[in-house]
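Undergrad: File name upload31.txt; file contents compact mmCIF, C-alpha atoms and all ligand atoms; full text below.
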# COMPACT_ATOMS: atom_id res chain seq x y z
CA MET A 103 -10.62 1.69 0.01
CA SER A 104 -9.90 -1.53 -1.88
CA GLU A 105 -6.26 -2.56 -1.86
CA LYS A 106 -6.43 -4.25 -5.29
CA ILE A 107 -4.22 -2.45 -7.77
CA GLU A 108 -6.94 -2.51 -10.46
CA ASP A 109 -9.33 -0.72 -8.09
CA ILE A 110 -6.71 1.81 -7.02
CA ALA A 111 -5.85 2.55 -10.67
CA ARG A 112 -9.50 3.15 -11.52
CA ALA A 113 -9.91 5.40 -8.46
CA MET A 114 -7.07 7.59 -9.78
CA VAL A 115 -8.92 8.46 -12.99
CA LEU A 116 -12.51 8.97 -11.87
CA PRO A 117 -14.69 11.00 -14.27
CA GLY A 118 -13.85 14.71 -14.13
CA GLN A 119 -10.83 14.08 -11.92
CA GLY A 120 -7.09 13.87 -12.45
CA ILE A 121 -3.77 13.78 -10.67
CA LEU A 122 -1.87 16.64 -9.06
CA ALA A 123 1.86 16.28 -9.75
CA ALA A 124 3.30 17.99 -6.66
CA ASP A 125 6.45 15.87 -6.66
CA GLU A 126 9.02 18.49 -7.57
CA SER A 127 12.39 17.40 -6.22
CA THR A 128 14.16 19.80 -3.86
CA GLY A 129 16.14 21.06 -6.88
CA THR A 130 13.07 21.58 -9.08
CA ILE A 131 11.02 23.33 -6.40
CA GLN A 132 14.04 25.63 -5.96
CA LYS A 133 13.49 26.83 -9.55
CA ARG A 134 9.76 27.36 -8.89
CA PHE A 135 10.44 29.24 -5.64
CA ASP A 136 13.20 31.33 -7.29
CA SER A 137 10.59 32.55 -9.79
CA ILE A 138 8.56 34.08 -6.91
CA GLY A 139 11.48 35.04 -4.66
CA VAL A 140 10.76 32.46 -1.94
CA GLU A 141 13.54 30.73 -0.02
CA ASN A 142 13.68 26.95 -0.53
CA THR A 143 13.36 25.80 3.11
CA GLU A 144 11.60 22.72 4.43
CA THR A 145 9.02 24.97 6.14
CA ASN A 146 8.27 26.90 2.94
CA ARG A 147 7.94 23.66 0.98
CA ARG A 148 5.57 22.36 3.66
CA ASP A 149 3.50 25.56 3.72
CA TYR A 150 3.21 25.60 -0.07
CA ARG A 151 2.10 21.97 -0.34
CA GLU A 152 -0.23 22.30 2.67
CA MET A 153 -1.94 25.18 0.89
CA LEU A 154 -2.55 22.93 -2.13
CA PHE A 155 -3.74 19.93 -0.10
CA ARG A 156 -6.11 22.12 1.95
CA SER A 157 -7.80 23.54 -1.17
CA ASP A 158 -10.92 21.56 -0.32
CA ASP A 159 -13.01 22.31 -3.39
CA ALA A 160 -10.24 21.32 -5.82
CA MET A 161 -9.10 18.33 -3.80
CA ASN A 162 -12.59 16.92 -3.21
CA ASN A 163 -13.90 17.42 -6.71
CA ASN A 164 -11.06 17.37 -9.23
CA ILE A 165 -8.01 15.68 -7.70
CA ALA A 166 -8.08 11.89 -7.41
CA GLY A 167 -4.38 11.38 -6.68
CA VAL A 168 -1.37 13.40 -5.53
CA ILE A 169 2.21 12.61 -6.54
CA GLN A 170 4.58 13.61 -3.76
CA PHE A 171 8.34 13.84 -3.40
CA GLU A 172 9.74 11.57 -0.67
CA GLU A 173 10.05 14.43 1.83
CA THR A 174 6.36 15.30 1.44
CA LEU A 175 5.15 11.71 1.85
CA PHE A 176 6.61 11.67 5.37
CA GLN A 177 5.83 15.33 6.15
CA LYS A 178 3.15 16.77 8.45
CA ALA A 179 1.02 19.89 8.11
CA ALA A 180 1.69 22.80 10.51
CA ASP A 181 -0.88 21.38 12.97
CA GLY A 182 0.78 17.95 12.97
CA THR A 183 -1.65 16.17 10.59
CA PRO A 184 0.29 13.88 8.26
CA PHE A 185 -0.05 15.01 4.64
CA VAL A 186 -1.04 11.46 3.73
CA ASP A 187 -4.09 11.83 6.00
CA LEU A 188 -5.03 15.20 4.47
CA ILE A 189 -4.87 13.70 0.99
CA ARG A 190 -6.88 10.61 1.94
CA LYS A 191 -9.50 12.73 3.72
CA ALA A 192 -10.07 14.57 0.44
CA GLY A 193 -10.78 11.22 -1.21
CA ALA A 194 -7.53 11.22 -3.15
CA VAL A 195 -4.87 8.53 -3.38
CA PRO A 196 -1.41 9.42 -2.00
CA GLY A 197 1.42 8.69 -4.42
CA ILE A 198 5.19 9.08 -4.64
CA LYS A 199 7.84 9.77 -7.25
CA VAL A 200 10.36 6.92 -6.91
CA ASP A 201 12.83 7.49 -9.73
CA LYS A 202 16.19 9.10 -9.05
CA GLY A 203 16.34 11.25 -12.14
CA ALA A 204 17.72 11.03 -15.67
CA GLN A 205 21.43 10.22 -16.02
CA PRO A 206 23.58 10.31 -19.20
CA LEU A 207 23.23 7.05 -21.15
CA ALA A 208 26.71 5.69 -21.90
CA GLY A 209 27.60 5.69 -25.58
CA HIS A 210 24.48 7.70 -26.49
CA PRO A 211 25.33 11.40 -26.70
CA GLY A 212 22.32 13.57 -25.93
CA GLU A 213 20.29 10.76 -24.36
CA THR A 214 19.58 9.74 -20.78
CA VAL A 215 18.29 6.76 -18.85
CA THR A 216 16.45 7.08 -15.55
CA ALA A 217 18.14 5.81 -12.38
CA GLY A 218 16.59 4.28 -9.26
CA LEU A 219 16.07 0.54 -9.77
CA ASP A 220 18.67 -0.63 -7.23
CA GLY A 221 16.98 -1.08 -3.86
CA LEU A 222 13.60 -0.14 -5.29
CA PRO A 223 11.65 -3.09 -3.77
CA GLU A 224 12.85 -2.11 -0.27
CA ARG A 225 11.93 1.54 -0.81
CA LEU A 226 8.51 0.59 -2.18
CA ALA A 227 7.79 -1.44 0.96
CA GLN A 228 8.55 1.64 3.09
CA TYR A 229 6.42 3.89 0.91
CA HIS A 230 3.52 1.45 1.06
CA GLU A 231 3.85 1.37 4.85
CA ALA A 232 3.73 5.20 4.83
CA GLY A 233 0.48 5.16 2.84
CA ALA A 234 1.52 5.52 -0.81
CA ARG A 235 -0.65 3.46 -3.15
CA PHE A 236 0.78 4.63 -6.46
CA ALA A 237 4.19 5.66 -7.75
CA LYS A 238 5.70 7.58 -10.65
CA TRP A 239 8.82 7.01 -12.75
CA ARG A 240 9.71 9.47 -15.50
CA ALA A 241 11.77 8.49 -18.52
CA VAL A 242 13.03 11.41 -20.59
CA ILE A 243 13.20 10.97 -24.36
CA SER A 244 15.16 13.52 -26.41
CA ILE A 245 13.74 14.47 -29.79
CA THR A 246 15.73 15.81 -32.77
CA ASP A 247 16.09 14.69 -36.39
CA ALA A 248 18.53 11.99 -35.19
CA LEU A 249 17.22 11.21 -31.67
CA PRO A 250 15.98 9.17 -29.96
CA THR A 251 18.08 6.14 -30.92
CA ARG A 252 16.76 2.61 -30.71
CA GLY A 253 19.10 2.03 -27.74
CA GLY A 254 17.85 5.12 -25.93
CA ILE A 255 14.23 4.06 -26.29
CA LEU A 256 14.94 0.46 -25.29
CA ALA A 257 16.95 1.34 -22.17
CA ASN A 258 14.23 3.67 -20.90
CA ALA A 259 11.34 1.33 -21.76
CA HIS A 260 13.06 -1.57 -20.01
CA ALA A 261 13.67 0.48 -16.85
CA LEU A 262 10.00 1.59 -16.86
CA ALA A 263 8.87 -2.03 -17.11
CA ARG A 264 11.18 -3.19 -14.31
CA TYR A 265 9.92 -0.36 -12.10
CA ALA A 266 6.29 -1.16 -12.94
CA ALA A 267 6.72 -4.83 -12.11
CA ASP A 268 8.34 -3.97 -8.76
CA CYS A 269 5.48 -1.57 -7.93
CA GLN A 270 2.74 -4.08 -8.65
CA ARG A 271 4.49 -6.69 -6.52
CA ALA A 272 4.45 -4.15 -3.66
CA GLY A 273 0.72 -3.39 -4.07
CA ILE A 274 1.46 -0.01 -5.64
CA VAL A 275 0.04 1.22 -8.96
CA PRO A 276 2.82 2.35 -11.31
CA ILE A 277 2.39 5.53 -13.31
CA VAL A 278 4.48 4.79 -16.38
CA GLU A 279 5.80 8.11 -17.74
CA PRO A 280 7.78 8.14 -20.97
CA GLU A 281 8.11 11.86 -21.77
CA VAL A 282 9.07 12.92 -25.27
CA GLN A 283 10.22 16.41 -24.44
CA MET A 284 8.57 19.40 -26.10
CA ASP A 285 10.85 22.12 -24.76
CA ALA A 286 14.41 20.75 -24.58
CA ASP A 287 16.87 22.22 -27.14
CA PRO A 288 16.47 22.59 -30.02
CA ALA A 289 12.69 22.05 -29.58
CA ASP A 290 12.07 22.95 -33.22
CA HIS A 291 10.54 19.63 -34.32
CA THR A 292 7.24 19.35 -36.14
CA ILE A 293 4.10 17.76 -34.74
CA GLU A 294 4.58 14.98 -37.33
CA ARG A 295 8.03 14.20 -35.90
CA CYS A 296 6.56 14.10 -32.37
CA HIS A 297 3.84 11.76 -33.67
CA GLU A 298 6.41 9.38 -35.12
CA VAL A 299 8.67 9.37 -32.03
CA THR A 300 5.83 9.10 -29.48
CA ALA A 301 4.30 6.17 -31.36
CA GLU A 302 7.63 4.31 -31.47
CA VAL A 303 8.33 4.99 -27.79
CA LEU A 304 4.89 3.75 -26.70
CA ARG A 305 5.19 0.63 -28.87
CA VAL A 306 8.47 -0.31 -27.23
CA VAL A 307 7.20 0.59 -23.73
CA PHE A 308 4.20 -1.75 -24.08
CA GLU A 309 6.41 -4.52 -25.50
CA GLN A 310 8.64 -4.26 -22.43
CA LEU A 311 5.67 -4.08 -20.03
CA SER A 312 4.34 -7.23 -21.65
CA ALA A 313 7.73 -8.99 -21.49
CA LEU A 314 7.86 -8.37 -17.72
CA ASN A 315 4.21 -9.42 -17.14
CA VAL A 316 3.03 -6.04 -15.95
CA LYS A 317 -0.72 -6.15 -15.41
CA LEU A 318 -2.16 -3.47 -17.68
CA GLU A 319 -5.33 -3.13 -15.58
CA GLY A 320 -3.20 -2.05 -12.63
CA MET A 321 -1.21 0.81 -14.19
CA ILE A 322 -1.70 4.35 -15.46
CA LEU A 323 0.13 5.72 -18.51
CA LYS A 324 1.46 9.28 -18.29
CA PRO A 325 2.53 10.33 -21.79
CA ASN A 326 3.27 13.62 -23.48
CA MET A 327 0.65 15.00 -25.82
CA VAL A 328 1.68 14.97 -29.47
CA VAL A 329 2.71 18.59 -30.01
CA PRO A 330 5.29 20.48 -32.06
CA GLY A 331 8.47 21.61 -30.28
CA SER A 332 7.99 24.75 -28.23
CA ARG A 333 10.24 26.67 -30.67
CA ALA A 334 8.84 25.12 -33.87
CA GLN A 335 7.86 27.61 -36.56
CA LYS A 336 4.43 26.08 -36.94
CA GLN A 337 2.45 25.63 -33.73
CA ALA A 338 -0.73 23.51 -33.58
CA THR A 339 -4.38 24.07 -32.73
CA PRO A 340 -6.09 22.00 -30.00
CA GLU A 341 -7.89 20.10 -32.79
CA GLU A 342 -4.57 19.17 -34.43
CA VAL A 343 -3.04 18.13 -31.10
CA ALA A 344 -6.12 16.04 -30.32
CA HIS A 345 -6.09 14.42 -33.77
CA HIS A 346 -2.43 13.36 -33.57
CA THR A 347 -2.47 12.40 -29.90
CA VAL A 348 -5.60 10.26 -30.11
CA ALA A 349 -4.32 8.54 -33.27
CA VAL A 350 -1.02 7.61 -31.61
CA LEU A 351 -2.64 6.43 -28.37
CA LYS A 352 -5.29 4.35 -30.15
CA ARG A 353 -2.59 2.60 -32.16
CA THR A 354 -0.32 1.84 -29.24
CA VAL A 355 -2.13 1.71 -25.86
CA PRO A 356 -4.20 -1.43 -25.11
CA SER A 357 -7.74 -0.75 -23.91
CA ALA A 358 -7.04 -2.81 -20.77
CA VAL A 359 -5.15 0.23 -19.42
CA PRO A 360 -7.75 2.04 -17.29
CA GLY A 361 -6.41 5.56 -17.67
CA ILE A 362 -4.04 7.87 -19.46
CA ALA A 363 -3.08 11.01 -17.53
CA PHE A 364 -1.00 13.52 -19.49
CA LEU A 365 1.95 15.57 -18.27
CA SER A 366 1.80 19.25 -19.23
CA GLY A 367 5.48 19.42 -20.22
CA GLY A 368 5.77 23.18 -20.66
CA GLN A 369 2.41 23.96 -22.24
CA SER A 370 0.68 27.04 -20.83
CA ASP A 371 -2.14 26.40 -18.36
CA GLU A 372 -4.84 27.11 -20.87
CA GLU A 373 -3.20 25.19 -23.74
CA ALA A 374 -2.95 22.08 -21.56
CA THR A 375 -6.63 22.40 -20.71
CA ALA A 376 -7.83 23.19 -24.23
CA ASN A 377 -5.87 20.30 -25.76
CA LEU A 378 -7.26 17.79 -23.25
CA ALA A 379 -10.77 19.12 -23.78
CA ALA A 380 -10.46 18.75 -27.57
CA MET A 381 -9.65 15.05 -27.16
CA ASN A 382 -12.46 14.27 -24.75
CA ALA A 383 -15.06 16.33 -26.60
CA ASN A 384 -14.44 14.89 -30.06
CA TYR A 385 -13.37 11.28 -29.78
CA ASP A 386 -14.76 8.01 -28.51
CA LEU A 387 -12.01 6.64 -26.27
CA PRO A 388 -11.47 3.25 -24.60
CA TRP A 389 -9.62 4.64 -21.56
CA ALA A 390 -10.16 7.59 -19.20
CA LEU A 391 -8.13 10.47 -20.62
CA THR A 392 -7.17 13.01 -17.98
CA TYR A 393 -4.44 15.19 -16.47
CA SER A 394 -1.46 14.60 -14.23
CA TYR A 395 -0.16 18.13 -14.47
CA GLY A 396 2.57 19.77 -12.45
CA ARG A 397 3.18 23.22 -13.88
CA ALA A 398 -0.20 23.58 -15.63
CA LEU A 399 -2.05 23.01 -12.33
CA GLN A 400 0.26 25.03 -10.10
CA ALA A 401 1.71 27.99 -12.03
CA ALA A 402 -1.15 30.43 -11.34
CA CYS A 403 -1.38 29.36 -7.70
CA LEU A 404 2.36 29.68 -7.15
CA SER A 405 2.54 33.22 -8.48
CA ALA A 406 -0.61 34.29 -6.59
CA TRP A 407 0.94 32.94 -3.36
CA SER A 408 4.43 34.47 -3.65
CA GLY A 409 5.23 33.07 -0.21
CA LEU A 410 2.92 35.42 1.73
CA PRO A 411 0.38 33.98 4.22
CA GLU A 412 -2.14 36.70 3.34
CA ASN A 413 -2.15 35.48 -0.27
CA VAL A 414 -3.22 31.93 0.61
CA PRO A 415 -6.94 32.45 -0.17
CA ALA A 416 -6.16 33.98 -3.59
CA ALA A 417 -3.65 31.23 -4.36
CA GLN A 418 -6.12 28.50 -3.39
CA LYS A 419 -8.71 30.18 -5.58
CA ALA A 420 -6.29 30.10 -8.53
CA PHE A 421 -5.53 26.40 -7.95
CA THR A 422 -9.22 25.59 -7.58
CA HIS A 423 -10.03 27.33 -10.85
CA ARG A 424 -7.31 25.41 -12.75
CA ALA A 425 -8.41 22.12 -11.20
CA ARG A 426 -12.03 22.83 -12.11
CA MET A 427 -11.15 23.79 -15.71
CA ASN A 428 -9.14 20.59 -16.14
CA GLY A 429 -11.94 18.57 -14.56
CA LEU A 430 -14.26 19.98 -17.22
CA ALA A 431 -11.68 19.19 -19.92
CA ALA A 432 -11.48 15.58 -18.72
CA LYS A 433 -15.22 15.35 -19.37
CA GLY A 434 -14.99 17.21 -22.70
CA GLU A 435 -17.11 20.00 -21.22
CA TRP A 436 -14.57 22.82 -21.00
CA THR A 437 -15.30 26.06 -22.87
CA ALA A 438 -13.48 29.37 -23.21
CA GLU A 439 -16.45 30.96 -21.43
CA ALA A 440 -16.00 28.65 -18.42
CA GLU A 441 -12.34 29.64 -18.41
CA ARG A 442 -13.17 33.32 -17.94
CA GLY A 443 -16.05 32.65 -15.54
P1 LIG A 501 4.47 18.90 -15.82
O1 LIG A 501 2.97 18.78 -15.96
O2 LIG A 501 4.92 20.21 -15.24
O3 LIG A 501 5.19 18.50 -17.07
O4 LIG A 501 4.92 17.86 -14.69
C1 LIG A 501 4.32 16.62 -14.67
C2 LIG A 501 5.26 15.62 -14.13
O5 LIG A 501 4.96 14.94 -13.18
C3 LIG A 501 6.57 15.45 -14.80
O6 LIG A 501 7.20 14.28 -14.35
If you took the structure in this file and wrote it as structure tokens, what would it be?
TA:
Amino acid sequence: MSEKIEDIARAMVLPGQGILAADESTGTIQKRFDSIGVENTETNRRDYREMLFRSDDAMNNNIAGVIQFEETLFQKAADGTPFVDLIRKAGAVPGIKVDKGAQPLAGHPGETVTAGLDGLPERLAQYHEAGARFAKWRAVISITDALPTRGGILANAHALARYAADCQRAGIVPIVEPEVQMDADPADHTIERCHEVTAEVLRVVFEQLSALNVKLEGMILKPNMVVPGSRAQKQATPEEVAHHTVAVLKRTVPSAVPGIAFLSGGQSDEEATANLAAMNANYDLPWALTYSYGRALQAACLSAWSGLPENVPAAQKAFTHRARMNGLAAKGEWTAEAERG
């Protein structure tokens, strides 16, 4: 495969394909495993991820990139095959989460800034050596009537831009992820408020990317969809979500960016699919618009698995179905009938 970052970025958003976010930190995968009563050991984490990466139909047809946690990037399948090789063999690009999580932002109650810039160039060189060709950094943006503040947005956008510049220098495509949260307390905001905040965040993010000379052709944006808070009185239809999300993205994301891959952020599996489908079916878009889902690609698979080897075929089937449905959504071809089929 080409080593140019523009080519790698395009390969991550091929038509009908998206990105599997399997980069849960050891703490986050603990929560997922707790929900199915599985112990959080290195072997169980390996077995779970190996099951995903060996889902050939999904991996070959609908997954163009896999975000891994550091442990997974250097991990091997039970038979000794490096995970990086499994992912590459399926035609997908291996990637890695490089941020060190959201930390309280001094002087800004209720807001965070993402850590991990110190030593990042050295870590990126190691990850590149291990086979990673893209990275992810998540900035978390709180949303209330009063938040985010200008300072909160600026601090996070600047860190994203510094990370992105370091990645490109290392030959790694940055996934730039500013997440306006849909489900953090109080999560009662309207879709209009999410529209306003997401637009402002993206404006500042692209200003900062520009200030640090980040090459737009060699990055992927991973935003939230524009949705009401998960506890808002008035929820939204896929058509409303598509209308607001496409309007915000068209006003803020330059067409030189090859792809936008959404996070699912707490939407149900089917909501995340239906919302993506509504955008691709109804709008003419300058970038590939696809998925980089964690929970919305894995939830059904995780519960079908429940940690039992005999459940692996059923769990892979569940993952394959979700990947296929999202692949259809990325082409605007998903239907409720396909969902049940
Ligand atoms: P969700 O799709 O579960 O929100 O996870 C995507 C992700 O990578 C968050 O950083």
Undergrad: Taking into account only C-alpha atoms and all ligand atoms, which residue in the set A:Leu219, A:Leu314, A:Ala416, A:Ala123 is nearest to ligand LIG 501 (chain A)?
TA: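 Ranking A:Leu219, A:Leu314, A:Ala416, A:Ala123 by distance to ligand LIG 501 (chain A), first place goes to A:Ala123.
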Undergrad: Residues within 10 Å of ligand LIG 501 (chain A), counting only C-alpha atoms and all ligand atoms: report them as a VMD selection string.
TA: chain A and resid 121 to 126 169 to 170 199 201 203 238 to 242 277 279 to 281 283 to 284 324 to 326 363 to 371 374 393 to 401
Undergrad: Near Ala390 of chain A, within 7 Å and counting all atoms listed in the file, which residues show up once chain neighbours fewer than 4 positions away are dropped, as a list in words?
TA: Val115, Pro360, Gly361 and Ile362 of chain A
Undergrad: Have a look at A:Pro288, A:Gly320, A:Gly182, A:Gly139 and name the one nearest to Arg333 of chain A; count all atoms listed in the file.
TA: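 The closest residue to Arg333 of chain A is A:Pro288.
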Undergrad: Between atom CA of Val328 of chain A and atom CA of His291 of chain A, what is the distance, to one decimal in Å?
TA: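 Between atom CA of Val328 of chain A and atom CA of His291 of chain A the gap is 11.1 Å.
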Undergrad: What does the distance between atom CA of Thr246 of chain A and atom CA of Lys202 of chain A come to in Å, to one decimal place?
TA: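 Those two atoms sit 24.7 Å apart.
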Undergrad: Between atom CA of Val306 of chain A and atom CA of Ala259 of chain A, what distance in Å does the model show, to one decimal?
TA: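 Distance reported for this atom pair: 6.4 Å.
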Undergrad: Give me the residues within 10 Å of Val307 of chain A as a VMD selection string, counting all atoms listed in the file and dropping any in the same chain fewer than 6 places off.
TA: chain A and resid 255 to 263 278 to 280 301 313 354 to 355
Undergrad: Keeping only C-alpha atoms, write the selected residues as an mmCIF file, keeping the file's coordinate frame.
TA:
data_model
loop_
_atom_site.group_PDB
_atom_site.id
_atom_site.type_symbol
_atom_site.label_atom_id
_atom_site.label_comp_id
_atom_site.auth_asym_id
_atom_site.auth_seq_id
_atom_site.Cartn_x
_atom_site.Cartn_y
_atom_site.Cartn_z
ATOM 1 C CA ILE A 255 14.230 4.060 -26.290
ATOM 2 C CA LEU A 256 14.940 0.460 -25.290
ATOM 3 C CA ALA A 257 16.950 1.340 -22.170
ATOM 4 C CA ASN A 258 14.230 3.670 -20.900
ATOM 5 C CA ALA A 259 11.340 1.330 -21.760
ATOM 6 C CA HIS A 260 13.060 -1.570 -20.010
ATOM 7 C CA ALA A 261 13.670 0.480 -16.850
ATOM 8 C CA LEU A 262 10.000 1.590 -16.860
ATOM 9 C CA ALA A 263 8.870 -2.030 -17.110
ATOM 10 C CA VAL A 278 4.480 4.790 -16.380
ATOM 11 C CA GLU A 279 5.800 8.110 -17.740
ATOM 12 C CA PRO A 280 7.780 8.140 -20.970
ATOM 13 C CA ALA A 301 4.300 6.170 -31.360
ATOM 14 C CA ALA A 313 7.730 -8.990 -21.490
ATOM 15 C CA THR A 354 -0.320 1.840 -29.240
ATOM 16 C CA VAL A 355 -2.130 1.710 -25.860
#
Undergrad: Could you list, as JSON, numbers by chain, every residue within 12 Å of Ala192 of chain A, counting all atoms listed in the file and ignoring same-chain residues fewer than 6 positions away?
TA: {"A": [154, 155, 156, 157, 158, 159, 160, 161, 162, 163, 164, 165, 166, 167, 168, 185, 186]}
Undergrad: Using C-alpha atoms, can you export the residues from the last selection as an mmCIF file, in the coordinates of the input?
TA:
data_model
loop_
_atom_site.group_PDB
_atom_site.id
_atom_site.type_symbol
_atom_site.label_atom_id
_atom_site.label_comp_id
_atom_site.auth_asym_id
_atom_site.auth_seq_id
_atom_site.Cartn_x
_atom_site.Cartn_y
_atom_site.Cartn_z
ATOM 1 C CA LEU A 154 -2.550 22.930 -2.130
ATOM 2 C CA PHE A 155 -3.740 19.930 -0.100
ATOM 3 C CA ARG A 156 -6.110 22.120 1.950
ATOM 4 C CA SER A 157 -7.800 23.540 -1.170
ATOM 5 C CA ASP A 158 -10.920 21.560 -0.320
ATOM 6 C CA ASP A 159 -13.010 22.310 -3.390
ATOM 7 C CA ALA A 160 -10.240 21.320 -5.820
ATOM 8 C CA MET A 161 -9.100 18.330 -3.800
ATOM 9 C CA ASN A 162 -12.590 16.920 -3.210
ATOM 10 C CA ASN A 163 -13.900 17.420 -6.710
ATOM 11 C CA ASN A 164 -11.060 17.370 -9.230
ATOM 12 C CA ILE A 165 -8.010 15.680 -7.700
ATOM 13 C CA ALA A 166 -8.080 11.890 -7.410
ATOM 14 C CA GLY A 167 -4.380 11.380 -6.680
ATOM 15 C CA VAL A 168 -1.370 13.400 -5.530
ATOM 16 C CA PHE A 185 -0.050 15.010 4.640
ATOM 17 C CA VAL A 186 -1.040 11.460 3.730
#
Undergrad: Nearest to Trp407 of chain A: which of A:Ser137, A:Asn382, A:Gln270, A:Ser357 is it, counting only C-alpha atoms?
TA: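 The shortest atom-to-atom distance to Trp407 of chain A comes from A:Ser137.
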Undergrad: Give the answer as one residue: which of A:Gly212, A:Gly409, A:Pro330, A:Pro415 has the shortest atom-to-atom distance to Arg147 of chain A, using only C-alpha atoms?
TA: A:Gly409
Undergrad: Considering only C-alpha atoms, state which residue in the set A:Gln205, A:Thr437, A:Ser104, A:Gln335 is at the smallest distance from Leu378 of chain A.
TA: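 Of all the options, A:Thr437 lies closest to Leu378 of chain A.
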Undergrad: Between A:Gly221, A:Gly129, A:Glu302, A:Met103, single out the one closest to Arg190 of chain A, counting all atoms listed in the file.
TA: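 Between A:Gly221, A:Gly129, A:Glu302, A:Met103, the residue approaching Arg190 of chain A most closely is A:Met103.
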Undergrad: Would you list the residues near (-16.0, 29.1, -22.1), meaning any protein, DNA or RNA residue with an atom at most 12 Å from that point in file coordinates, counting all atoms listed in the file, as a PyMOL selection string?
TA: chain A and resi 372+375-376+379+427+430-431+434-443
Undergrad: Fewer than 2 positions away in the same chain doesn't count, so skip those; otherwise give me all residues within 10 Å of Leu207 of chain A, counting all atoms listed in the file, as a list in words.
TA: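 Listing them by chain and then by number gives Ala204, Gln205, Gly209, His210, Pro211, Gly212, Glu213, Thr214, Val215, Thr216, Gly253, Gly254, Ala257 and Asn258 of chain A.
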Undergrad: Go ahead and fit an axis-aligned box to every listed atom of segment 144-159 of chain A plus 6 Å each side, and pass me the centre and edge lengths in Å, one decimal, as AutoDock Vina command-line options.
TA:
--center_x -0.7 --center_y 23.4 --center_z 1.4 --size_x 36.6 --size_y 19.0 --size_z 21.5
Undergrad: Within 8 Å of Ile110 of chain A, counting only C-alpha atoms, which residues qualify if same-chain residues fewer than 2 places away don't, as number ranges by chain?
TA: A: 104-108, 112-114, 195, 235, 275, 320
